[in-house]
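Structure file work_8.txt (compact mmCIF, C-alpha atoms) follows.
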# COMPACT_ATOMS: atom_id res chain seq x y z
CA MET A 1 7.14 -21.95 -8.99
CA ASN A 2 10.86 -21.60 -9.30
CA ALA A 3 11.84 -18.67 -7.07
CA ASP A 4 14.03 -17.23 -9.82
CA LYS A 5 11.41 -17.42 -12.55
CA LEU A 6 8.02 -15.79 -12.85
CA PRO A 7 5.11 -17.93 -14.03
CA SER A 8 4.06 -17.81 -17.66
CA ALA A 9 1.38 -15.33 -18.70
CA GLY A 10 -1.03 -18.21 -19.19
CA SER A 11 -0.53 -19.73 -15.74
CA ALA A 12 -0.55 -16.30 -14.12
CA ARG A 13 -3.83 -15.45 -15.81
CA SER A 14 -5.32 -18.81 -14.81
CA GLU A 15 -4.38 -18.33 -11.16
CA ALA A 16 -5.56 -14.74 -11.33
CA GLU A 17 -8.95 -15.78 -12.67
CA GLU A 18 -9.24 -18.42 -9.95
CA LEU A 19 -8.52 -15.81 -7.30
CA LEU A 20 -11.01 -13.41 -8.86
CA SER A 21 -13.72 -16.02 -8.56
CA ALA A 22 -13.06 -16.44 -4.83
CA PRO A 23 -15.68 -15.43 -2.26
CA ALA A 24 -16.18 -11.71 -1.73
CA GLU A 25 -14.58 -11.84 1.70
CA TRP A 26 -11.27 -12.60 -0.01
CA ASP A 27 -11.40 -9.49 -2.15
CA LEU A 28 -8.80 -6.83 -1.51
CA PRO A 29 -9.70 -3.15 -1.47
CA PRO A 30 -8.22 -1.00 -4.19
CA SER A 31 -6.32 1.20 -1.85
CA ARG A 32 -4.26 -1.77 -0.87
CA HIS A 33 -2.93 -2.62 -4.26
CA LEU A 34 0.53 -1.35 -3.61
CA HIS A 35 0.82 -2.58 -0.09
CA PHE A 36 2.23 -5.73 1.11
CA LYS A 37 2.26 -6.50 4.73
CA ASP A 38 -0.83 -8.63 4.82
CA VAL A 39 0.18 -10.67 1.83
CA LEU A 40 3.71 -10.94 3.08
CA MET A 41 2.66 -12.03 6.54
CA GLN A 42 0.34 -14.61 5.02
CA ARG A 43 3.16 -16.12 3.04
CA ILE A 44 5.71 -16.11 5.79
CA ASP A 45 3.65 -16.88 8.89
CA ARG A 46 0.95 -19.14 7.46
CA ASP A 47 0.85 -22.21 5.31
CA SER A 48 -0.50 -21.95 1.80
CA SER A 49 -4.03 -22.90 2.80
CA THR A 50 -4.25 -20.35 5.58
CA SER A 51 -2.56 -17.65 3.57
CA THR A 52 -5.52 -17.43 1.20
CA GLN A 53 -7.67 -16.11 4.01
CA SER A 54 -6.49 -12.52 4.26
CA PRO A 55 -8.26 -10.55 6.96
CA PRO A 56 -11.19 -8.61 5.71
CA ALA A 57 -9.67 -5.37 6.38
CA PRO A 58 -6.79 -4.19 4.39
CA ARG A 59 -3.70 -3.61 6.05
CA ARG A 60 -4.97 -3.22 4.52
CA ARG A 61 -2.31 -4.33 3.74
CA PHE A 62 -2.77 -4.20 0.08
CA PRO A 63 -4.64 -3.31 0.09
CA ARG A 64 -2.95 -3.40 3.21
CA THR A 65 -5.11 -5.85 4.32
CA ALA A 66 -7.67 -7.25 5.33
CA VAL A 67 -10.10 -5.45 3.54
CA VAL A 68 -10.65 -6.43 0.25
CA LEU A 69 -10.40 -5.97 -3.33
CA PRO A 70 -9.73 -8.85 -5.56
CA VAL A 71 -7.59 -7.35 -8.10
CA ALA A 72 -4.69 -6.52 -6.06
CA ALA A 73 -4.75 -10.00 -4.83
CA MET A 74 -5.21 -11.25 -8.29
CA ALA A 75 -2.16 -9.65 -9.65
CA LEU A 76 -0.12 -10.55 -6.63
CA ALA A 77 -1.32 -14.08 -6.17
CA GLY A 78 -1.58 -14.69 -9.88
CA ALA A 79 2.14 -14.28 -10.23
CA LEU A 80 2.93 -15.50 -6.72
CA VAL A 81 4.57 -12.18 -6.13
CA VAL A 82 4.28 -9.82 -3.21
CA THR A 83 4.21 -6.14 -4.09
CA LEU A 84 5.91 -4.36 -1.27
CA SER A 85 6.92 -0.87 -0.47
CA GLY A 86 10.39 0.27 0.38
CA GLY A 87 13.85 1.59 -0.34
CA GLY A 88 15.29 1.24 -3.79
CA ASN A 89 18.80 0.07 -3.13
CA GLY A 90 17.67 -2.92 -1.13
CA SER A 91 19.70 -1.98 1.91
CA ALA A 92 18.67 -1.94 5.54
CA PRO A 93 19.50 1.05 7.76
CA ALA A 94 23.08 2.26 7.34
CA ALA A 95 25.74 -0.03 8.74
CA GLY A 96 26.63 0.80 12.32
CA THR A 97 23.28 2.50 12.92
CA THR A 98 21.00 0.73 15.36
CA THR A 99 17.25 0.73 15.07
CA ALA A 100 16.94 3.10 18.03
CA GLU A 101 19.57 5.46 16.63
CA ALA A 102 17.95 5.44 13.19
CA ARG A 103 14.52 6.38 14.52
CA PRO A 104 14.67 9.04 17.24
CA ASN A 105 11.21 9.69 18.65
CA ASN A 106 10.54 13.16 17.26
CA ALA A 107 7.83 12.06 14.86
CA SER A 108 5.22 14.52 16.16
CA VAL A 109 7.34 17.53 15.20
CA THR A 110 8.09 16.06 11.77
CA LEU A 111 4.45 15.13 11.12
CA ASP A 112 3.34 18.64 12.12
CA ARG A 113 5.79 20.03 9.54
CA ILE A 114 4.48 17.62 6.91
CA ALA A 115 0.89 18.62 7.76
CA ALA A 116 1.76 22.31 7.41
CA ALA A 117 3.43 21.63 4.05
CA SER A 118 0.37 19.78 2.80
CA MET A 119 -1.85 22.73 3.71
CA ALA A 120 0.31 24.96 1.53
CA THR A 121 -0.32 22.87 -1.60
CA ASP A 122 -3.00 23.61 -4.18
CA ALA A 123 -6.14 21.49 -4.05
CA THR A 124 -6.83 19.24 -7.03
CA PRO A 125 -10.55 18.39 -6.94
CA VAL A 126 -11.46 15.11 -8.63
CA LYS A 127 -14.84 14.68 -10.31
CA ASP A 128 -16.99 11.57 -9.99
CA ASP A 129 -16.38 10.57 -13.62
CA GLN A 130 -12.60 10.98 -13.43
CA PHE A 131 -9.77 8.70 -12.27
CA VAL A 132 -6.83 9.12 -9.92
CA TYR A 133 -3.76 7.96 -11.84
CA VAL A 134 -0.67 6.82 -9.92
CA GLU A 135 2.58 5.83 -11.63
CA SER A 136 5.12 4.12 -9.41
CA LEU A 137 8.40 2.25 -9.42
CA VAL A 138 8.16 -0.93 -7.38
CA ARG A 139 10.41 -3.75 -6.35
CA ALA A 140 8.66 -6.87 -5.16
CA ASN A 141 9.37 -10.24 -3.63
CA LYS A 142 9.20 -12.97 -6.26
CA GLY A 143 10.09 -15.86 -3.96
CA THR A 144 7.93 -18.92 -3.40
CA PHE A 145 5.40 -19.53 -0.61
CA GLY A 146 7.15 -20.00 2.71
CA GLY A 147 10.59 -19.51 1.14
CA PRO A 148 13.20 -16.79 1.58
CA VAL A 149 12.62 -13.34 0.13
CA ARG A 150 13.96 -12.89 -3.41
CA LEU A 151 13.57 -9.35 -4.66
CA GLY A 152 12.83 -8.88 -8.33
CA ALA A 153 13.96 -6.00 -10.52
CA VAL A 154 12.56 -2.49 -10.16
CA HIS A 155 9.69 -2.06 -12.63
CA LYS A 156 6.90 0.40 -13.40
CA ARG A 157 3.37 0.09 -12.10
CA GLU A 158 0.42 2.18 -13.26
CA ALA A 159 -2.95 2.33 -11.53
CA TRP A 160 -6.21 4.07 -12.42
CA PHE A 161 -8.69 4.39 -9.53
CA SER A 162 -12.34 5.07 -10.27
CA GLN A 163 -14.06 7.92 -8.42
CA ASP A 164 -17.56 6.65 -9.16
CA PRO A 165 -19.64 7.33 -6.01
CA ASP A 166 -21.89 4.31 -6.61
CA PRO A 167 -21.01 0.71 -5.68
CA VAL A 168 -19.10 -0.81 -8.61
CA LYS A 169 -17.52 -4.15 -9.41
CA ILE A 170 -14.56 -2.68 -11.31
CA THR A 171 -12.92 -0.08 -9.08
CA GLY A 172 -9.89 0.59 -11.26
CA TRP A 173 -7.20 -0.83 -13.51
CA LEU A 174 -3.63 -1.94 -12.95
CA ARG A 175 -0.73 -2.36 -15.39
CA ASP A 176 2.88 -3.40 -14.75
CA SER A 177 5.75 -3.19 -17.22
CA GLY A 178 9.41 -4.12 -17.19
CA LYS A 179 11.47 -7.04 -15.94
CA ASP A 180 9.82 -9.06 -13.16
CA ALA A 181 6.52 -7.23 -13.64
CA ILE A 182 3.30 -9.13 -13.00
CA MET A 183 1.67 -10.03 -16.33
CA PRO A 184 3.78 -7.30 -18.05
CA GLY A 185 1.98 -4.93 -20.38
CA GLN A 186 -1.49 -6.25 -19.59
CA THR A 187 -4.13 -3.91 -18.20
CA ILE A 188 -5.84 -5.77 -15.37
CA PRO A 189 -9.22 -4.73 -13.97
CA ILE A 190 -9.43 -4.29 -10.22
CA GLU A 191 -12.63 -6.24 -9.92
CA SER A 192 -14.81 -7.57 -7.11
CA PRO A 193 -17.40 -10.38 -7.41
CA SER A 194 -20.00 -7.98 -6.02
CA ALA A 195 -20.44 -4.21 -6.23
CA TYR A 196 -17.97 -2.49 -3.89
CA PRO A 197 -19.06 0.71 -2.11
CA VAL A 198 -17.09 3.88 -1.50
CA GLY A 199 -15.52 3.99 1.95
CA ILE A 200 -12.37 3.43 3.94
CA ASP A 201 -11.33 0.53 1.70
CA ARG A 202 -12.36 2.22 -1.52
CA PRO A 203 -11.49 5.88 -0.86
CA THR A 204 -12.59 8.41 -3.47
CA TYR A 205 -11.76 12.11 -3.41
CA LYS A 206 -15.33 12.95 -2.42
CA TRP A 207 -15.33 10.42 0.43
CA LEU A 208 -11.97 11.64 1.72
CA ALA A 209 -13.21 15.23 1.56
CA SER A 210 -16.17 14.26 3.74
CA LEU A 211 -13.97 13.08 6.62
CA PRO A 212 -13.45 15.17 9.76
CA THR A 213 -10.45 17.51 9.63
CA ASP A 214 -10.10 17.49 13.40
CA PRO A 215 -7.27 14.97 14.07
CA GLU A 216 -8.91 13.48 17.17
CA ALA A 217 -12.25 13.00 15.44
CA LEU A 218 -10.53 11.51 12.38
CA LEU A 219 -8.50 9.11 14.51
CA GLU A 220 -11.65 7.99 16.31
CA LEU A 221 -13.30 7.25 12.97
CA LEU A 222 -10.24 5.31 11.75
CA TYR A 223 -10.12 3.23 14.92
CA ALA A 224 -13.79 2.40 14.50
CA GLN A 225 -13.63 1.47 10.81
CA THR A 226 -10.23 -0.19 10.43
CA GLN A 227 -10.21 -3.97 10.63
CA VAL A 228 -7.36 -5.71 12.43
CA SER A 229 -5.57 -8.90 11.40
CA ASP A 230 -4.47 -11.54 13.88
CA ASP A 231 -0.81 -10.51 13.75
CA GLU A 232 -1.08 -6.80 14.56
CA SER A 233 -2.35 -4.36 17.15
CA LYS A 234 -5.17 -1.87 16.55
CA GLU A 235 -2.60 0.93 16.50
CA GLN A 236 -0.58 -0.82 13.82
CA ALA A 237 -3.67 -1.53 11.74
CA VAL A 238 -4.67 2.15 11.82
CA PHE A 239 -1.12 3.24 11.00
CA GLY A 240 -1.14 0.89 8.02
CA LYS A 241 -4.55 2.08 6.89
CA ILE A 242 -3.43 5.69 6.92
CA GLY A 243 -0.40 4.71 4.87
CA ASP A 244 -2.68 3.09 2.32
CA LEU A 245 -4.84 6.18 2.07
CA LEU A 246 -1.84 8.48 1.67
CA GLY A 247 -0.15 6.25 -0.88
CA GLU A 248 -2.60 6.15 -3.78
CA THR A 249 -5.24 8.81 -3.45
CA ILE A 250 -5.71 12.51 -4.01
CA MET A 251 -7.43 14.41 -1.22
CA PRO A 252 -8.00 18.04 -0.17
CA PRO A 253 -4.99 19.61 1.63
CA GLU A 254 -6.90 20.03 4.88
CA ASN A 255 -7.77 16.34 4.94
CA ALA A 256 -4.19 15.31 4.22
CA ALA A 257 -3.02 17.52 7.07
CA ALA A 258 -5.56 15.89 9.39
CA PHE A 259 -4.22 12.42 8.53
CA TYR A 260 -0.66 13.47 9.37
CA LYS A 261 -1.73 15.06 12.65
CA ALA A 262 -3.78 11.97 13.49
CA THR A 263 -0.75 9.77 12.81
CA ALA A 264 1.26 11.82 15.31
CA ARG A 265 -1.25 10.76 17.98
CA ILE A 266 -0.72 7.03 17.43
CA PRO A 267 1.60 5.60 20.12
CA GLY A 268 4.93 4.28 18.89
CA VAL A 269 5.24 6.28 15.65
CA THR A 270 8.84 7.39 15.04
CA VAL A 271 10.93 9.19 12.43
CA ILE A 272 13.99 8.08 10.45
CA PRO A 273 16.24 10.99 9.41
CA ASP A 274 17.35 9.50 6.10
CA VAL A 275 15.81 6.77 3.93
CA VAL A 276 16.04 5.94 0.23
CA ASP A 277 13.11 5.09 -2.04
CA THR A 278 13.00 2.83 -5.10
CA ALA A 279 14.02 5.69 -7.38
CA GLY A 280 17.12 6.40 -5.29
CA ARG A 281 15.69 9.57 -3.74
CA HIS A 282 16.68 10.37 -0.15
CA GLY A 283 13.88 11.35 2.18
CA ILE A 284 12.56 11.40 5.73
CA GLY A 285 10.91 8.23 6.99
CA ILE A 286 7.88 7.80 9.24
CA THR A 287 7.40 4.34 10.72
CA ARG A 288 5.89 2.32 13.54
CA GLU A 289 7.20 -1.04 14.70
CA ASP A 290 4.66 -3.41 16.20
CA PRO A 291 5.89 -6.17 18.56
CA ALA A 292 3.23 -8.54 17.22
CA SER A 293 4.20 -8.05 13.58
CA ALA A 294 7.25 -9.33 11.73
CA VAL A 295 7.17 -6.45 9.24
CA ARG A 296 8.08 -2.77 9.55
CA ASP A 297 6.56 -0.36 7.03
CA GLU A 298 8.13 3.03 6.39
CA TRP A 299 6.57 6.03 4.63
CA ILE A 300 9.02 8.28 2.78
CA PHE A 301 8.73 12.07 2.37
CA ASP A 302 10.77 14.48 0.26
CA LYS A 303 13.22 16.32 2.52
CA GLN A 304 12.53 19.74 1.02
CA LYS A 305 8.87 19.72 -0.01
CA LEU A 306 7.84 17.17 2.66
CA ALA A 307 5.58 15.49 0.09
CA TYR A 308 4.88 11.74 0.22
CA ILE A 309 7.13 10.01 -2.33
CA GLY A 310 6.95 6.33 -1.46
CA SER A 311 7.39 3.56 1.08
CA ARG A 312 9.43 0.50 1.89
CA SER A 313 9.15 -2.56 4.12
CA TYR A 314 11.60 -4.59 6.22
CA MET A 315 11.41 -7.90 8.05
CA THR A 316 11.88 -7.37 11.79
CA LYS A 317 12.31 -11.02 12.81
CA ASP A 318 14.01 -14.07 11.35
CA LYS A 319 11.32 -15.99 9.44
CA LYS A 320 11.73 -19.12 7.35
CA GLY A 321 14.96 -18.29 5.57
CA THR A 322 14.59 -14.51 5.74
CA LYS A 323 16.73 -12.60 8.24
CA ALA A 324 15.61 -9.63 10.30
CA GLU A 325 16.22 -6.26 8.60
CA THR A 326 15.89 -7.84 5.15
CA LEU A 327 14.30 -5.47 2.64
CA LEU A 328 10.97 -6.95 1.60
CA GLY A 329 9.91 -4.49 -1.07
CA THR A 330 9.83 -0.89 -2.20
CA HIS A 331 7.47 1.59 -3.80
CA ALA A 332 8.20 5.08 -5.17
CA VAL A 333 5.45 7.38 -6.46
CA MET A 334 6.70 9.03 -9.64
CA ARG A 335 3.47 10.68 -10.76
CA ARG A 336 0.05 11.24 -9.25
CA THR A 337 -2.61 13.13 -11.16
CA VAL A 338 -6.24 13.28 -12.31
CA VAL A 339 -7.22 11.84 -15.71
CA ASP A 340 -10.48 11.62 -17.63
CA THR A 341 -10.01 8.15 -19.12
CA HIS A 342 -8.50 4.76 -18.37
CA PRO A 343 -6.87 2.21 -20.71
CA ALA A 344 -9.00 -0.47 -22.31
CA THR A 345 -8.47 -3.96 -20.93
CA THR A 346 -6.22 -5.92 -23.29
CA ASP A 347 -6.48 -9.33 -21.67
CA SER A 348 -8.24 -11.90 -23.81

Mind turning the file's structure into C-alpha cells?
Amino acid sequence: MNADKLPSAGSARSEAEELLSAPAEWDLPPSRHLHFKDVLMQRIDRDSSTSTQSPPAPRRRFPRTAVVLPVAAMALAGALVVTLSGGGNGSAPAAGTTTAEARPNNASVTLDRIAAASMATDATPVKDDQFVYVESLVRANKGTFGGPVRLGAVHKREAWFSQDPDPVKITGWLRDSGKDAIMPGQTIPIESPSAYPVGIDRPTYKWLASLPTDPEALLELLYAQTQVSDDESKEQAVFGKIGDLLGETIMPPENAAAFYKATARIPGVTVIPDVVDTAGRHGIGITREDPASAVRDEWIFDKQKLAYIGSRSYMTKDKKGTKAETLLGTHAVMRRTVVDTHPATTDS
C-alpha cells in the first residue's frame, strides 16, 4: 500500500474479512480497540508474517494487546493503519525539556488526587442490555509495514460496547468518519469467531463493579490475569491493561479510584506536568517507560477536573526509519455515555 494513500473500501473490507476469519487466538479484545502498542510493535519490530501473531493478551494493546478481539484488528489491519493514542499537535515534549525533566517522579501524589476526584463523581450504572458509547478524536499511523511512521489526519471514531453478561460473538460496533478514517462511515461489528466471555479483555460495567476496591488486591488480580507480550515487562503489561480499562469503559467511582491507586503502586510510573491531546486540550500526563519496549504510552487527565481525557504514544528508540520521540498516534475522548441502542451494520 502506498504510505500516503489508504486502501480502497473494497480492498480494506476484503483484508478485514480475512482477518476476521483468522483463528480465535488472533482476536483482539474490545477494550483494546483504541490502543496501539501491540500493533505498532508488531509492525516495527517484526516482519509481516510474525506481526500477525499478536500476543493473546491485549496490551492489550488494542486492545492493547495480546488479548483478543478481532474487530479492532480488523479495522486496523484491514486498512493497514495503526490506531494510536497521543497528543494532537504531533509534537514530542517541549523543545529543551529532557525526558527526566518532563516527568518528575511524583506520580503517586498525582494519582491519589485523580483517585479522590473520581470518587467525587456521580455513578452512572449501566444495565446489561445497554451499551457504553465512546466518541473520540484519533490520529493514526497510516504508513506501510516496516516503514516510517506517517500520521494521518485527525478524525472521529465512535464505539458502542455491549454490556451483555453472556459470552457473545459481537461485542460492539465501531465507526470512523473523516479524512484518513478506516472504512469511513461504515459501522463495523467487533466480532469474534467464537463467543467471547466477560472479563479483563471484555470489561462490562457489572464485571468492573465486581472487582476488589482495595488497590493491593486489585493489583494482585491484574498481575494474575494480564498476559504479557515478548517485548514488555509484567509491570508494563499491567500498566497498559489499566490504561485500556480506563480508556473506553464506564465503571463505579470506587472502582476507578482503586485503579488509579493501584497504578501508583506499579514501579516506574511517572507524571508529566503538561501534555496536549488530539483535541488540543492541555492536561496532566501519567506514563511508564519500559526498557524492553520501544513505545511510551501516556494517559492524559484534565488539569482542573482530573478526569481522563485521552492518551498518546511516542517511539522511544530509533526503529526502521522512525526516530525516537516521534509521535506515533493520539486519542482524545470527547464523549462517553450510556445508550440503549447501537447503529445497524451498513456493510454489505

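Rounded to one decimal, CA of Phe239 in chain A and CA of Arg281 in chain A lie 23.2 Å from each other.
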
Each residue of range 219-267 of chain A with at least one atom at most 12 Å from range 152-167 of chain A should appear once, together with its nearest atom pair and the corresponding distance in Å (one decimal); atoms considered: all atoms listed in the file; ordering: chain, then increasing residue number; output as CSV.
residue,atom,partner,partner_atom,distance
A:Gly247,CA,A:Ala159,CA,11.7
A:Glu248,CA,A:Phe161,CA,8.6
A:Thr249,CA,A:Phe161,CA,8.3
A:Ile250,CA,A:Phe161,CA,10.3
A:Met251,CA,A:Gln163,CA,11.7

message = Just want the 12 Å neighbourhood of range 122-130 of chain A, counted on only C-alpha atoms, with same-chain residues fewer than 2 positions away dropped. Output as an MDAnalysis selection string.
response = chainID A and resid 117:120 132:133 160:166 171:172 198 204:209 249:256 336:342

ask   = What gap, in Å, lies between CA of Ala279 in chain A and CA of Thr322 in chain A?
value =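 Computing the Euclidean distance for CA of Ala279 in chain A and CA of Thr322 in chain A yields 24.1 Å.
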
request  = Would you be able to write out as a list in words which residues have an atom within 9 Å of (6.4, 13.2, 6.5) in the file's coordinates, counting all atoms listed in the file?
outcome  =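 Collected hits near the coordinates: Ala107, Thr110, Leu111, Asp112, Arg113, Ile114, Ala115, Tyr260, Val271, Gly283, Ile284, Gly285, Ile286, Trp299, Ile300, Phe301, Asp302, Lys303, Leu306, Ala307 and Tyr308 of chain A.
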
task = Enter the distance from CA of Glu235 in chain A to CA of Asp290 in chain A, in Å, rounded to one decimal.
result =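 So the answer is 8.5 Å.
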
query = For Gly178 in chain A, which of A:Leu327, A:Leu137, A:Met334, A:Ala258 is the closest residue, counting all atoms listed in the file?
reply = A:Leu137

ask   = For Gln236 in chain A, which of A:Ala116, A:Leu222, A:Ile272, A:Leu328 is the closest residue, counting only C-alpha atoms?
value =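 Closest residue, counting only C-alpha atoms: A:Leu222.
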
If the box runs along x, y and z of the file and leaves 3 Å on each side of range 308-316 of chain A, what are its centre and edge lengths in Å, one decimal, as lines of an AutoDock Vina configuration file?
center_x = 8.4
center_y = 1.9
center_z = 4.7
size_x = 13.0
size_y = 25.6
size_z = 20.1

inquiry  = Just checking: using all atoms listed in the file, which residue out of A:Pro343, A:Pro184, A:Asp231, A:Thr326 ends up closest to Arg150 in chain A?
reply    =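 When distances to Arg150 in chain A are compared using all atoms listed in the file, the smallest one comes from A:Thr326.
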